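Structure file final.txt with compact mmCIF, C-alpha atoms:
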# COMPACT_ATOMS: atom_id res chain seq x y z
CA MET Y 1 10.82 142.21 117.10
CA SER Y 2 8.69 141.81 113.99
CA GLU Y 3 7.72 138.58 112.24
CA GLY Y 4 10.09 139.53 109.44
CA TYR Y 5 13.19 138.51 111.36
CA GLU Y 6 14.45 136.54 114.32
CA ILE Y 7 17.50 136.17 116.50
CA LEU Y 8 18.84 132.76 117.32
CA SER Y 9 21.83 131.12 118.96
CA LEU Y 10 23.11 127.96 117.31
CA ASP Y 11 23.24 126.46 120.81
CA ASP Y 12 19.46 126.79 121.05
CA LEU Y 13 18.77 124.63 117.99
CA GLY Y 14 18.63 121.40 119.89
CA ALA Y 15 20.53 118.32 118.80
CA TYR Y 16 18.87 115.47 116.97
CA PRO Y 17 21.09 112.42 116.57
CA ARG Y 18 21.42 110.93 113.06
CA PRO Y 19 24.13 109.69 114.27
CA GLN Y 20 26.04 112.98 114.43
CA ASP Y 21 23.93 115.64 116.11
CA ASP Y 22 21.85 117.67 113.71
CA GLY Y 23 20.88 121.23 114.56
CA PRO Y 24 18.02 121.73 112.10
CA LEU Y 25 18.58 125.35 111.12
CA LEU Y 26 16.64 125.13 107.86
CA MET Y 27 13.57 123.76 109.59
CA ARG Y 28 13.84 126.08 112.59
CA LEU Y 29 14.08 129.22 110.45
CA GLY Y 30 11.94 128.04 107.55
CA LEU Y 31 14.68 128.77 105.02
CA LYS Y 32 13.46 128.79 101.44
CA ALA Y 33 16.37 130.02 99.33
CA PHE Y 34 19.12 127.62 100.38
CA GLY Y 35 19.71 124.79 102.83
CA ALA Y 36 21.62 125.30 106.08
CA ASN Y 37 22.15 123.11 109.11
CA CYS Y 38 24.51 122.70 112.03
CA TRP Y 39 26.35 119.60 113.13
CA THR Y 40 27.96 118.70 116.42
CA ALA Y 41 29.61 115.46 117.57
CA ASP Y 42 31.68 113.95 120.33
CA VAL Y 43 35.46 114.13 119.91
CA GLY Y 44 36.56 111.38 117.52
CA SER Y 45 33.12 110.99 115.96
CA HIS Y 46 31.84 112.08 112.56
CA VAL Y 47 30.63 115.67 112.65
CA VAL Y 48 30.04 115.43 108.90
CA PRO Y 49 29.11 111.90 107.75
CA ARG Y 50 30.98 110.43 104.80
CA HIS Y 51 28.84 111.15 101.76
CA GLU Y 52 28.49 112.67 98.33
CA GLU Y 53 25.66 115.01 97.43
CA ASP Y 54 23.43 112.99 95.09
CA SER Y 55 21.15 116.00 95.27
CA GLY Y 56 23.52 118.06 93.13
CA HIS Y 57 24.09 120.51 95.97
CA GLU Y 58 27.36 122.33 96.23
CA GLU Y 59 28.12 122.86 99.90
CA LEU Y 60 30.08 125.23 102.08
CA TYR Y 61 31.15 123.99 105.50
CA VAL Y 62 32.03 126.61 108.11
CA ILE Y 63 33.78 125.54 111.29
CA VAL Y 64 32.02 127.83 113.74
CA ARG Y 65 33.65 126.46 116.89
CA GLY Y 66 36.21 123.83 117.86
CA ARG Y 67 38.23 121.91 115.33
CA ALA Y 68 37.62 119.12 112.81
CA THR Y 69 39.65 116.96 110.49
CA PHE Y 70 38.13 117.01 107.01
CA THR Y 71 38.68 114.58 104.19
CA VAL Y 72 37.54 115.72 100.75
CA GLY Y 73 38.33 113.28 97.97
CA ASP Y 74 41.87 112.09 98.72
CA GLU Y 75 42.93 115.08 100.80
CA THR Y 76 42.82 115.24 104.59
CA PHE Y 77 43.41 118.49 106.46
CA GLY Y 78 42.87 120.12 109.83
CA ALA Y 79 40.13 122.72 110.03
CA PRO Y 80 40.20 125.01 113.08
CA SER Y 81 37.33 127.39 113.81
CA GLY Y 82 36.96 129.98 111.08
CA THR Y 83 37.84 127.54 108.30
CA LEU Y 84 35.67 127.45 105.16
CA VAL Y 85 35.52 124.27 103.06
CA HIS Y 86 33.77 124.36 99.69
CA VAL Y 87 32.82 120.96 98.27
CA PRO Y 88 31.23 120.36 94.85
CA ALA Y 89 28.37 117.88 94.62
CA GLY Y 90 30.28 114.88 93.34
CA ALA Y 91 33.14 114.88 95.87
CA THR Y 92 33.15 112.50 98.81
CA ARG Y 93 33.55 114.35 102.07
CA GLU Y 94 33.60 113.62 105.81
CA ALA Y 95 34.84 115.28 108.97
CA ILE Y 96 35.76 114.11 112.45
CA ALA Y 97 35.37 116.38 115.49
CA GLU Y 98 38.74 116.97 117.17
CA GLU Y 99 37.67 119.20 120.05
CA PRO Y 100 34.72 119.15 122.44
CA ASP Y 101 31.83 121.33 121.40
CA THR Y 102 32.86 121.47 117.74
CA VAL Y 103 30.13 123.10 115.63
CA VAL Y 104 30.06 122.92 111.84
CA LEU Y 105 27.57 124.95 109.81
CA VAL Y 106 26.80 123.70 106.32
CA ALA Y 107 25.00 125.65 103.61
CA GLY Y 108 24.05 124.16 100.27
CA ALA Y 109 21.94 124.34 97.13
CA THR Y 110 22.08 123.27 93.50
CA PRO Y 111 23.59 125.77 91.05
CA GLY Y 112 21.10 126.93 88.44
CA GLU Y 113 18.05 125.61 90.26
CA ALA Y 114 15.56 127.12 92.66
CA PHE Y 115 16.14 125.59 96.09
CA GLN Y 116 13.72 122.93 97.25
CA ALA Y 117 14.02 121.51 100.75
CA PHE Y 118 14.03 117.73 100.88
CA GLY Y 119 12.32 117.52 104.24
CA TRP Y 120 14.77 115.10 105.84
CA GLU Y 121 15.21 117.49 108.77
CA GLU Y 122 11.60 116.98 109.83
CA VAL Y 123 12.08 113.22 109.57
CA VAL Y 124 15.17 113.39 111.81
CA VAL Y 125 13.23 115.44 114.35
CA ALA Y 126 10.26 113.05 114.17
CA PHE Y 127 12.44 110.04 114.91
CA ALA Y 128 14.11 111.88 117.77
CA GLU Y 129 10.65 112.49 119.24
CA GLY Y 130 9.84 108.81 118.83
CA ARG Y 131 13.08 107.75 120.55
CA ALA Y 132 12.23 110.09 123.41
CA GLY Y 133 8.85 108.38 123.83
CA ARG Y 134 6.87 111.27 122.34
CA VAL Y 135 5.36 109.09 119.65
CA GLU Y 136 2.38 111.29 118.84
CA GLU Y 137 4.60 114.39 118.51
CA GLY Y 138 6.79 112.44 116.09
CA ARG Y 139 3.76 111.52 113.99
CA THR Y 140 2.77 115.17 113.86
CA ALA Y 141 6.27 116.13 112.66
CA LEU Y 142 6.08 113.52 109.89
CA HIS Y 143 2.65 114.75 108.83
CA ASP Y 144 4.00 118.31 108.69
CA ALA Y 145 6.92 117.16 106.56
CA ALA Y 146 4.66 115.36 104.08
CA ALA Y 147 2.16 118.21 103.93
CA HIS Y 148 4.82 120.69 102.80
CA ARG Y 149 6.53 118.52 100.18
CA PRO Y 150 5.56 117.24 96.75
CA PRO Y 151 3.91 113.80 96.76
CA SER Y 152 6.45 110.98 96.93
CA TRP Y 153 6.61 107.30 97.90
CA GLU Y 154 9.16 108.41 100.50
CA HIS Y 155 6.44 109.90 102.70
CA PRO Y 156 4.56 106.62 103.35
CA TYR Y 157 7.93 104.88 103.56
CA ASN Y 158 9.01 107.22 106.37
CA PHE Y 159 5.69 106.62 108.14
CA ALA Y 160 6.22 102.85 107.76
CA CYS Y 161 9.67 103.11 109.33
CA TYR Y 162 8.34 105.28 112.12
CA GLU Y 163 5.41 103.03 112.95
CA ALA Y 164 7.61 99.93 112.74
CA ARG Y 165 10.03 101.42 115.25
CA PHE Y 166 7.78 103.26 117.64
CA GLY Y 167 4.14 102.58 116.86
CA ASP Y 168 1.74 100.17 115.34
CA VAL Y 169 2.88 97.24 113.16
CA ASP Y 170 -0.43 97.04 111.26
CA ALA Y 171 -0.15 100.73 110.40
CA ALA Y 172 3.46 100.18 109.36
CA PHE Y 173 2.40 97.51 106.86
CA GLY Y 174 -0.31 99.77 105.51
CA TYR Y 175 2.17 102.55 104.87
CA LEU Y 176 4.76 100.16 103.46
CA ARG Y 177 2.21 98.77 101.01
CA GLU Y 178 1.50 102.31 99.84
CA ALA Y 179 5.22 103.07 99.50
CA VAL Y 180 5.97 99.90 97.55
CA SER Y 181 3.10 100.46 95.14
CA GLY Y 182 4.24 104.04 94.48
CA ALA Y 183 7.99 103.57 94.26
CA PRO Y 184 10.16 102.52 91.33
CA SER Y 185 11.37 99.03 92.29
CA ASP Y 186 15.02 99.91 91.70
CA GLN Y 187 14.75 102.67 94.31
CA ILE Y 188 12.93 101.00 97.19
CA GLY Y 189 14.46 97.53 96.95
CA GLY Y 190 17.69 98.45 98.71
CA TYR Y 191 15.82 100.14 101.53
CA LEU Y 192 13.64 97.11 102.14
CA GLU Y 193 16.67 94.86 102.38
CA GLY Y 194 18.86 97.03 104.55
CA ASP Y 195 16.80 99.43 106.62
CA ASP Y 196 17.07 98.62 110.33
CA ASP Y 197 13.93 100.63 111.00
CA LEU Y 198 11.92 97.82 109.38
CA ALA Y 199 13.47 94.97 111.42
CA ARG Y 200 10.31 94.46 113.46
CA LEU Y 201 8.34 93.67 110.31
CA ARG Y 202 10.57 91.08 108.74
CA ASP Y 203 9.30 88.07 110.73
CA ASP Y 204 5.69 88.87 109.92
CA PRO Y 205 4.10 86.79 107.11
CA ARG Y 206 2.98 90.06 105.45
CA TRP Y 207 6.61 90.97 104.84
CA GLN Y 208 6.99 88.30 102.15
CA GLU Y 209 3.96 89.63 100.31
CA LEU Y 210 5.63 93.00 100.03
CA ALA Y 211 9.32 92.35 99.86
CA GLY Y 212 9.38 88.87 98.48
CA MET H 1 41.91 122.92 97.21
CA ASN H 2 38.74 124.82 98.09
CA VAL H 3 39.70 125.60 101.67
CA ALA H 4 40.46 128.93 103.30
CA HIS H 5 40.45 130.41 106.76
CA ILE H 6 38.39 133.57 107.16
CA ASP H 7 41.60 135.47 107.95
CA GLU H 8 43.03 134.41 104.58
CA LEU H 9 40.18 135.92 102.55
CA ASP H 10 40.78 139.07 100.52
CA ARG H 11 40.20 142.33 102.42
CA ILE H 12 38.37 144.96 100.39
CA GLU H 13 37.79 148.03 102.50
CA LEU H 14 34.75 150.04 101.50
CA ASP H 15 33.82 153.62 102.17
CA ASP H 16 31.41 153.05 105.05
CA GLY H 17 34.10 151.45 107.23
CA PHE H 18 33.24 147.83 106.59
CA VAL H 19 35.60 145.36 104.97
CA TRP H 20 34.24 142.88 102.45
CA ARG H 21 35.78 139.41 102.67
CA PRO H 22 34.57 137.67 99.51
CA ILE H 23 33.72 133.99 99.88
CA ARG H 24 31.36 133.32 96.96
CA ARG H 25 33.85 134.75 94.47
CA ARG H 26 36.77 133.00 96.13
CA PHE H 27 35.20 129.57 95.65
CA ASN H 28 33.02 130.44 92.64
CA ILE H 29 29.93 129.32 94.53
CA ARG H 30 26.94 129.50 92.17
CA ALA H 31 24.03 128.19 94.24
CA PHE H 32 23.72 130.82 96.96
CA GLY H 33 25.27 134.06 98.14
CA VAL H 34 27.84 133.97 100.93
CA ASN H 35 30.38 136.49 102.17
CA ALA H 36 32.11 137.55 105.36
CA TYR H 37 32.49 141.06 106.71
CA THR H 38 34.84 142.61 109.24
CA PRO H 39 34.97 146.16 110.61
CA ARG H 40 37.86 148.49 109.76
CA GLU H 41 38.27 148.98 113.52
CA ALA H 42 36.30 148.49 116.71
CA GLY H 43 33.16 150.61 116.51
CA ALA H 44 33.10 150.73 112.70
CA GLN H 45 30.33 149.42 110.46
CA VAL H 46 30.56 145.69 109.77
CA ILE H 47 27.30 145.27 107.82
CA GLU H 48 26.24 148.28 105.79
CA GLU H 49 22.80 149.76 106.38
CA HIS H 50 20.61 148.40 103.59
CA THR H 51 17.49 146.48 102.63
CA GLU H 52 17.24 143.51 100.27
CA GLU H 53 14.15 144.83 98.51
CA ARG H 54 15.75 144.98 95.06
CA LEU H 55 17.22 141.47 95.18
CA GLY H 56 14.46 139.88 97.27
CA HIS H 57 16.96 137.87 99.29
CA GLU H 58 16.32 136.23 102.63
CA GLU H 59 19.49 136.50 104.68
CA ILE H 60 21.30 134.98 107.65
CA TYR H 61 23.97 137.00 109.45
CA LEU H 62 26.00 134.76 111.76
CA VAL H 63 28.62 136.19 114.11
CA LEU H 64 31.67 133.94 113.84
CA ARG H 65 33.98 135.97 116.09
CA GLY H 66 33.85 139.08 118.27
CA ARG H 67 30.65 141.01 118.95
CA ALA H 68 28.36 143.02 116.70
CA GLN H 69 25.58 145.47 117.42
CA PHE H 70 22.83 144.85 114.87
CA THR H 71 20.07 147.28 114.07
CA VAL H 72 17.16 145.52 112.40
CA ASP H 73 13.95 147.32 111.61
CA GLY H 74 14.92 149.94 114.18
CA ASN H 75 15.58 147.40 116.96
CA GLU H 76 19.04 146.87 118.43
CA HIS H 77 20.52 143.47 119.21
CA GLU H 78 24.04 142.72 120.44
CA LEU H 79 25.19 139.35 119.14
CA GLY H 80 28.23 137.25 119.95
CA PRO H 81 29.83 134.15 118.44
CA GLY H 82 27.33 131.50 117.35
CA GLN H 83 24.40 133.93 117.36
CA LEU H 84 22.60 134.90 114.20
CA VAL H 85 19.87 137.10 112.86
CA PHE H 86 17.66 135.70 110.10
CA LEU H 87 15.75 138.19 107.97
CA ARG H 88 12.99 136.57 105.95
CA ASP H 89 11.53 139.97 105.01
CA PRO H 90 13.75 141.65 102.39
CA SER H 91 12.21 145.06 103.04
CA LEU H 92 13.56 145.31 106.60
CA ARG H 93 16.45 147.72 107.01
CA ARG H 94 19.46 146.07 108.60
CA GLY H 95 23.02 147.00 109.51
CA ALA H 96 25.63 146.26 112.17
CA VAL H 97 28.60 147.78 113.92
CA GLY H 98 31.56 145.64 114.96
CA LEU H 99 32.06 146.16 118.69
CA THR H 100 35.47 144.50 118.65
CA ALA H 101 38.16 144.84 116.01
CA ASP H 102 38.27 141.08 115.41
CA THR H 103 34.53 140.76 114.67
CA VAL H 104 33.64 138.53 111.73
CA VAL H 105 30.07 138.25 110.40
CA LEU H 106 29.15 135.57 107.88
CA ALA H 107 26.29 136.51 105.54
CA LEU H 108 24.28 133.91 103.59
CA GLY H 109 21.52 134.83 101.17
CA GLY H 110 19.31 133.90 98.27
CA LYS H 111 15.91 134.55 96.72
CA PRO H 112 13.25 131.97 97.59
CA GLY H 113 11.84 130.21 94.55
CA PHE H 114 14.60 131.32 92.17
CA ALA H 115 17.91 129.88 91.04
CA HIS H 116 20.67 131.98 92.55
CA GLU H 117 22.41 134.57 90.41
CA PRO H 118 25.62 136.17 91.68
CA SER H 119 24.85 139.78 92.56
CA ALA H 120 26.23 142.54 90.36
CA TRP H 121 27.41 144.52 93.38
CA GLU H 122 30.11 141.92 93.98
CA ALA H 123 31.91 143.02 90.82
CA MET H 124 31.58 146.68 91.77
CA PHE H 125 33.10 145.94 95.20
CA ALA H 126 35.75 143.66 93.69
CA ALA H 127 36.91 146.43 91.34
CA VAL H 128 37.47 148.93 94.17
CA PRO H 129 41.14 148.06 94.87
CA ALA H 130 42.05 148.31 91.17
CA ALA H 131 40.17 151.60 90.84
CA ARG H 132 41.92 153.02 93.92
CA GLU H 133 45.24 152.18 92.31
CA GLU H 134 43.98 153.62 89.01
CA HIS H 135 44.50 150.27 87.32
CA TRP H 136 41.63 150.99 84.99
CA ASP H 137 42.12 148.02 82.65
CA GLU H 138 41.74 145.64 85.61
CA ALA H 139 38.74 147.51 87.01
CA ILE H 140 37.11 147.43 83.56
CA ARG H 141 37.84 143.70 83.18
CA VAL H 142 36.10 142.91 86.49
CA HIS H 143 33.04 144.91 85.41
CA GLU H 144 32.94 143.37 81.94
CA GLU H 145 32.96 139.88 83.44
CA ALA H 146 29.94 140.76 85.53
CA LEU H 147 28.24 142.48 82.61
CA ALA H 148 28.24 139.17 80.74
CA GLU H 149 25.91 137.86 83.49
CA HIS H 150 23.99 141.10 84.04
CA PRO H 151 23.87 142.83 80.62
CA ASP H 152 21.09 145.24 81.60
CA HIS H 153 22.17 146.19 85.11
CA PRO H 154 22.10 150.01 85.18
CA ALA H 155 24.46 150.50 88.14
CA LEU H 156 26.97 148.08 86.67
CA LEU H 157 26.84 149.85 83.29
CA TYR H 158 27.25 153.21 85.02
CA ASN H 159 30.23 152.04 87.07
CA LEU H 160 31.82 150.50 83.99
CA ALA H 161 31.37 153.80 82.16
CA CYS H 162 33.13 155.57 85.06
CA MET H 163 36.12 153.22 84.81
CA GLU H 164 36.24 153.55 81.02
CA ALA H 165 36.10 157.34 81.16
CA ARG H 166 38.96 157.33 83.69
CA GLY H 167 40.86 154.84 81.55
CA ASP H 168 40.64 156.96 78.38
CA ARG H 169 38.17 154.62 76.67
CA HIS H 170 35.86 157.50 75.92
CA LEU H 171 33.60 155.98 73.28
CA ASP H 172 32.97 152.85 75.37
CA ALA H 173 32.29 155.08 78.37
CA LEU H 174 29.76 157.16 76.47
CA LEU H 175 27.95 154.12 75.08
CA HIS H 176 27.73 152.37 78.45
CA LEU H 177 26.58 155.55 80.18
CA GLN H 178 23.89 156.07 77.53
CA ARG H 179 22.73 152.49 78.06
CA ALA H 180 22.62 152.94 81.86
CA VAL H 181 20.55 156.11 81.52
CA ALA H 182 18.20 154.48 79.00
CA LEU H 183 17.54 151.72 81.53
CA GLU H 184 17.31 154.03 84.54
CA PRO H 185 17.08 157.78 83.86
CA LYS H 186 18.23 158.79 87.38
CA TRP H 187 21.79 157.98 86.36
CA ALA H 188 21.82 161.06 84.10
CA GLU H 189 21.54 163.24 87.20
CA TYR H 190 24.42 161.44 88.88
CA ALA H 191 26.53 161.64 85.71
CA ALA H 192 26.01 165.40 85.49
CA LYS H 193 27.91 165.86 88.77
CA ASP H 194 30.27 162.88 88.65
CA PRO H 195 33.90 163.91 88.16
CA ASP H 196 34.62 160.50 86.64
CA PHE H 197 32.97 161.82 83.48
CA ASP H 198 34.87 165.11 83.20
CA SER H 199 36.79 163.73 80.23
CA ILE H 200 33.64 163.02 78.19
CA ARG H 201 31.19 165.60 79.50
CA THR H 202 31.39 167.76 76.37
CA GLU H 203 31.11 164.84 73.96
CA PRO H 204 28.02 164.82 71.72
CA GLY H 205 25.51 162.35 73.16
CA PHE H 206 26.50 162.85 76.81
CA PRO H 207 23.17 162.33 78.63
CA ALA H 208 21.43 165.48 79.72
CA ALA H 209 20.34 165.59 83.37
For this file, produce the structure as C-alpha cells.
Amino acid sequence: MSEGYEILSLDDLGAYPRPQDDGPLLMRLGLKAFGANCWTADVGSHVVPRHEEDSGHEELYVIVRGRATFTVGDETFGAPSGTLVHVPAGATREAIAEEPDTVVLVAGATPGEAFQAFGWEEVVVAFAEGRAGRVEEGRTALHDAAAHRPPSWEHPYNFACYEARFGDVDAAFGYLREAVSGAPSDQIGGYLEGDDDLARLRDDPRWQELAG
Amino acid sequence: MNVAHIDELDRIELDDGFVWRPIRRRFNIRAFGVNAYTPREAGAQVIEEHTEERLGHEEIYLVLRGRAQFTVDGNEHELGPGQLVFLRDPSLRRGAVGLTADTVVLALGGKPGFAHEPSAWEAMFAAVPAAREEHWDEAIRVHEEALAEHPDHPALLYNLACMEARGDRHLDALLHLQRAVALEPKWAEYAAKDPDFDSIRTEPGFPAA
C-alpha cells in the first residue's frame, strides 16, 4: 500500500466519549476537503447530540449500522441502516440510538467556502487520554491541535480546562489568563460561568481576578 | 423532508456496469461531493476505474452493504460493510467490483483548500436516462443547468452539442461544438467519428479533425 491511500474499518477508529462516542474519522485520516466523523452510543442514548451548526456546515448523516430515531426541526422519524438525512446548518437536529452497535457517519462542510477543520476532534481525544490517566499523551494531542490551527484564544482555554481537570492548577491559571486576555468578553464569559472542566479553579482566590 | 433510504435513490445505469445513485443532486448538497454506487449485478463494476487528477479530489469510499473488491494503485482489497478506502492522492487509479448484487458503496469527495463545486459529470450522468429515451429537450435542459455553473467545461459543451444535434437544434449544436473544440481541440477528433453529429456534419463551420 502506498502513502497515497489507506484502508480502514470504522470499528477500528476507537471511541472517545463526548458524551456520545466519537470515532474521529477526520483526524484519523487527515481529511482536508470536508469533515467526517462517526458516532456510536448505547441504546436509548444520543448518538447525535441535539445541536445546530453554528459553523454554517450543512451535514449529511448516514446510518451505517443499527437504527436511530432522528428529530430534525419538528419532525421525528425512524432511520434504519442505509438511511441518509441531510440537515442544513440552521436546523436543530438530534438522534437516539435504537439498536445496539448503531453507527452514524456524518459528513459536513460550509457551502461556498474552503473547508477548515475546527480541531475539536483532537481536543476530544486529548481529554479521553487525560481521563484514562495518560496525561502527558493528552497534552501532546492538545499541542498538536493548536499547532495545526490558526491562533485563537480557544487554544489556551482548552489547555486551561485540561490542566484544571487532569494536571497542574498553576498551569491552568496561566493558560486561563492568556485565554481571557485574548478572547472577546462576550464569547468567553459563558464558558467561565458554566464549564465544569474549570470547577477545580473556582475556589482559588485567583479565580476572582480572572472571572470576577 | 431531506431523508431517503439508499434503496430509494434514483438508479442511473451506466455503460461500464455500475449504477449511479445520486445523493448530492437529490439533496442539493453544495459543500462536498457525495454519491452512492451499486453494481448492475454481482461481479459487475461498482466504482468505475478512474483517477481524480483533473478534479483534485480526495475521496472516501465506504462500503455500506455487501462486499466490494477494490483495486487501488494496482493493489487489491476486499472490503465489507463498515470498511473504507481513503485516497488522499488524486493521481491514484481506483475502481471496484461489487462481489454481491446488493453491494452499496458511498463515495465522499472534495478538493482540499477549495470551496466545493458540483462536478460537471453529474449532469452528464443525470441526462443519460432522458437521452436513452430520446427525450432530447430534457437531456438538453439538464446540460444547460450545469453549463450555467461550468460555462467553459469542454466535455459538457460537447455532450450538450450531441443532445442538440440529436434534438434537431442544429445551430445550437454547432455553436456548442465549436466552443468545446476551441477549449480542447481533441474534441474535433471525437466529433469527426461521432454519429450524434451526422445531422450537422456537412454544415459550414463543423470543426475539422
Report task. Measure the distance from CA of Leu183 (chain H) to CA of Leu160 (chain H) in Å and round it to one decimal. Result ->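 So the answer is 14.5 Å.
Surrounding region 119-135 of chain H within 9 Å are Ile12, Glu13, Leu14, Trp20, Pro22, Arg25, Gly33, Leu55, Ala139, Ile140, Arg141, Val142, His143, Glu144, Glu145, Ala146, Leu147, Glu149, His150, His153, Ala155, Leu156, Asn159, Leu160, Met163, Arg166 and Gly167 of chain H, with only C-alpha atoms counted and residues fewer than 4 positions along the same chain left out.
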Limited to C-alpha atoms, could you put the picked residues into a file as a compact mmCIF listing (two decimals), in the frame of the given file?
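Output contents, as saved in part_32.txt:
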# COMPACT_ATOMS: atom_id res chain seq x y z
CA ILE H 12 38.37 144.96 100.39
CA GLU H 13 37.79 148.03 102.50
CA LEU H 14 34.75 150.04 101.50
CA TRP H 20 34.24 142.88 102.45
CA PRO H 22 34.57 137.67 99.51
CA ARG H 25 33.85 134.75 94.47
CA GLY H 33 25.27 134.06 98.14
CA LEU H 55 17.22 141.47 95.18
CA ALA H 139 38.74 147.51 87.01
CA ILE H 140 37.11 147.43 83.56
CA ARG H 141 37.84 143.70 83.18
CA VAL H 142 36.10 142.91 86.49
CA HIS H 143 33.04 144.91 85.41
CA GLU H 144 32.94 143.37 81.94
CA GLU H 145 32.96 139.88 83.44
CA ALA H 146 29.94 140.76 85.53
CA LEU H 147 28.24 142.48 82.61
CA GLU H 149 25.91 137.86 83.49
CA HIS H 150 23.99 141.10 84.04
CA HIS H 153 22.17 146.19 85.11
CA ALA H 155 24.46 150.50 88.14
CA LEU H 156 26.97 148.08 86.67
CA ASN H 159 30.23 152.04 87.07
CA LEU H 160 31.82 150.50 83.99
CA MET H 163 36.12 153.22 84.81
CA ARG H 166 38.96 157.33 83.69
CA GLY H 167 40.86 154.84 81.55
Query raised in the report: Rounded to one decimal in Å, what is the spacing between CA of Trp120 (chain Y) and CA of Ala145 (chain Y)?
Result: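 Between CA of Trp120 (chain Y) and CA of Ala145 (chain Y) the gap works out to 8.1 Å.
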Query raised in the report: Which chain H residues are at most 9 Å from chain Y (counting only C-alpha atoms), as number ranges by chain?
Result: H: 1-7, 23, 27, 29-32, 57-59, 64-65, 72-73, 75, 77, 79-92, 108-117
Query raised in the report: CA of Trp153 (chain Y) to CA of Leu176 (chain Y): how many Å, to one decimal?
Result: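 Computed distance, CA of Trp153 (chain Y) to CA of Leu176 (chain Y), equals 9.2 Å.
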**Report entry** Radius query 9 Å about (7.5, 120.6, 106.2), atoms used: all atoms listed in the file, as a list in words
**Finding:** Met27, Gly30, Ala117, Phe118, Gly119, Glu121, Glu122, Ala141, Leu142, His143, Asp144, Ala145, Ala146, Ala147, His148 and Arg149 of chain Y
Query - Surrounding residues of Asp168 (chain Y) excluding itself and chain neighbours under 4 positions, 12 Å, only C-alpha atoms, as a list in words - result: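 Those residues are Val135, Glu136, Arg139, Phe159, Ala160, Cys161, Tyr162, Glu163, Ala164, Ala172, Phe173, Gly174, Tyr175, Arg200 and Leu201 of chain Y.
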**Report entry** Pick from Y:Glu94, Y:Thr102, Y:Asp197, Y:Gly182, whichever lies nearest to Arg131 (chain Y) using all atoms listed in the file
**Finding:**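 Of Y:Glu94, Y:Thr102, Y:Asp197, Y:Gly182, the one nearest Arg131 (chain Y) is Y:Asp197, counting all atoms listed in the file.
Considering all atoms listed in the file, the residue among Y:Gly66, Y:Val48, Y:Arg206, Y:Pro156 positioned nearest to Arg93 (chain Y) is Y:Val48.
For Thr69 (chain Y), the residues within 7 Å (counting only C-alpha atoms, excluding itself and residues fewer than 2 positions away along the chain) are Thr71, Thr76, Phe77, Gly78, Ala79, Ala95, Ile96, Ala97 and Glu98 of chain Y.
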Have region 157-168 of chain Y completed to N, CA and C atoms, please, and pass it along as a short mmCIF file (atom, residue, chain, number, x, y, z; two decimals), keeping the file's coordinate frame.
data_model
loop_
_atom_site.label_atom_id
_atom_site.label_comp_id
_atom_site.auth_asym_id
_atom_site.auth_seq_id
_atom_site.Cartn_x
_atom_site.Cartn_y
_atom_site.Cartn_z
N TYR Y 157 6.81 105.70 103.11
CA TYR Y 157 7.93 104.88 103.56
C TYR Y 157 8.42 105.36 104.93
N ASN Y 158 8.57 106.68 105.07
CA ASN Y 158 9.01 107.22 106.37
C ASN Y 158 8.01 106.89 107.48
N PHE Y 159 6.72 106.99 107.14
CA PHE Y 159 5.69 106.62 108.14
C PHE Y 159 5.82 105.14 108.50
N ALA Y 160 6.07 104.29 107.49
CA ALA Y 160 6.22 102.85 107.76
C ALA Y 160 7.38 102.60 108.72
N CYS Y 161 8.50 103.27 108.45
CA CYS Y 161 9.67 103.11 109.33
C CYS Y 161 9.33 103.57 110.74
N TYR Y 162 8.65 104.70 110.81
CA TYR Y 162 8.34 105.28 112.12
C TYR Y 162 7.42 104.35 112.91
N GLU Y 163 6.36 103.89 112.25
CA GLU Y 163 5.41 103.03 112.95
C GLU Y 163 6.07 101.70 113.33
N ALA Y 164 6.93 101.19 112.43
CA ALA Y 164 7.61 99.93 112.74
C ALA Y 164 8.50 100.07 113.97
N ARG Y 165 9.11 101.20 114.12
CA ARG Y 165 10.03 101.42 115.25
C ARG Y 165 9.30 101.78 116.53
N PHE Y 166 8.34 102.67 116.42
CA PHE Y 166 7.78 103.26 117.64
C PHE Y 166 6.29 103.04 117.83
N GLY Y 167 5.59 102.56 116.79
CA GLY Y 167 4.14 102.58 116.86
C GLY Y 167 3.50 101.24 116.57
N ASP Y 168 2.66 101.25 115.59
CA ASP Y 168 1.74 100.17 115.34
C ASP Y 168 2.17 99.38 114.09
#
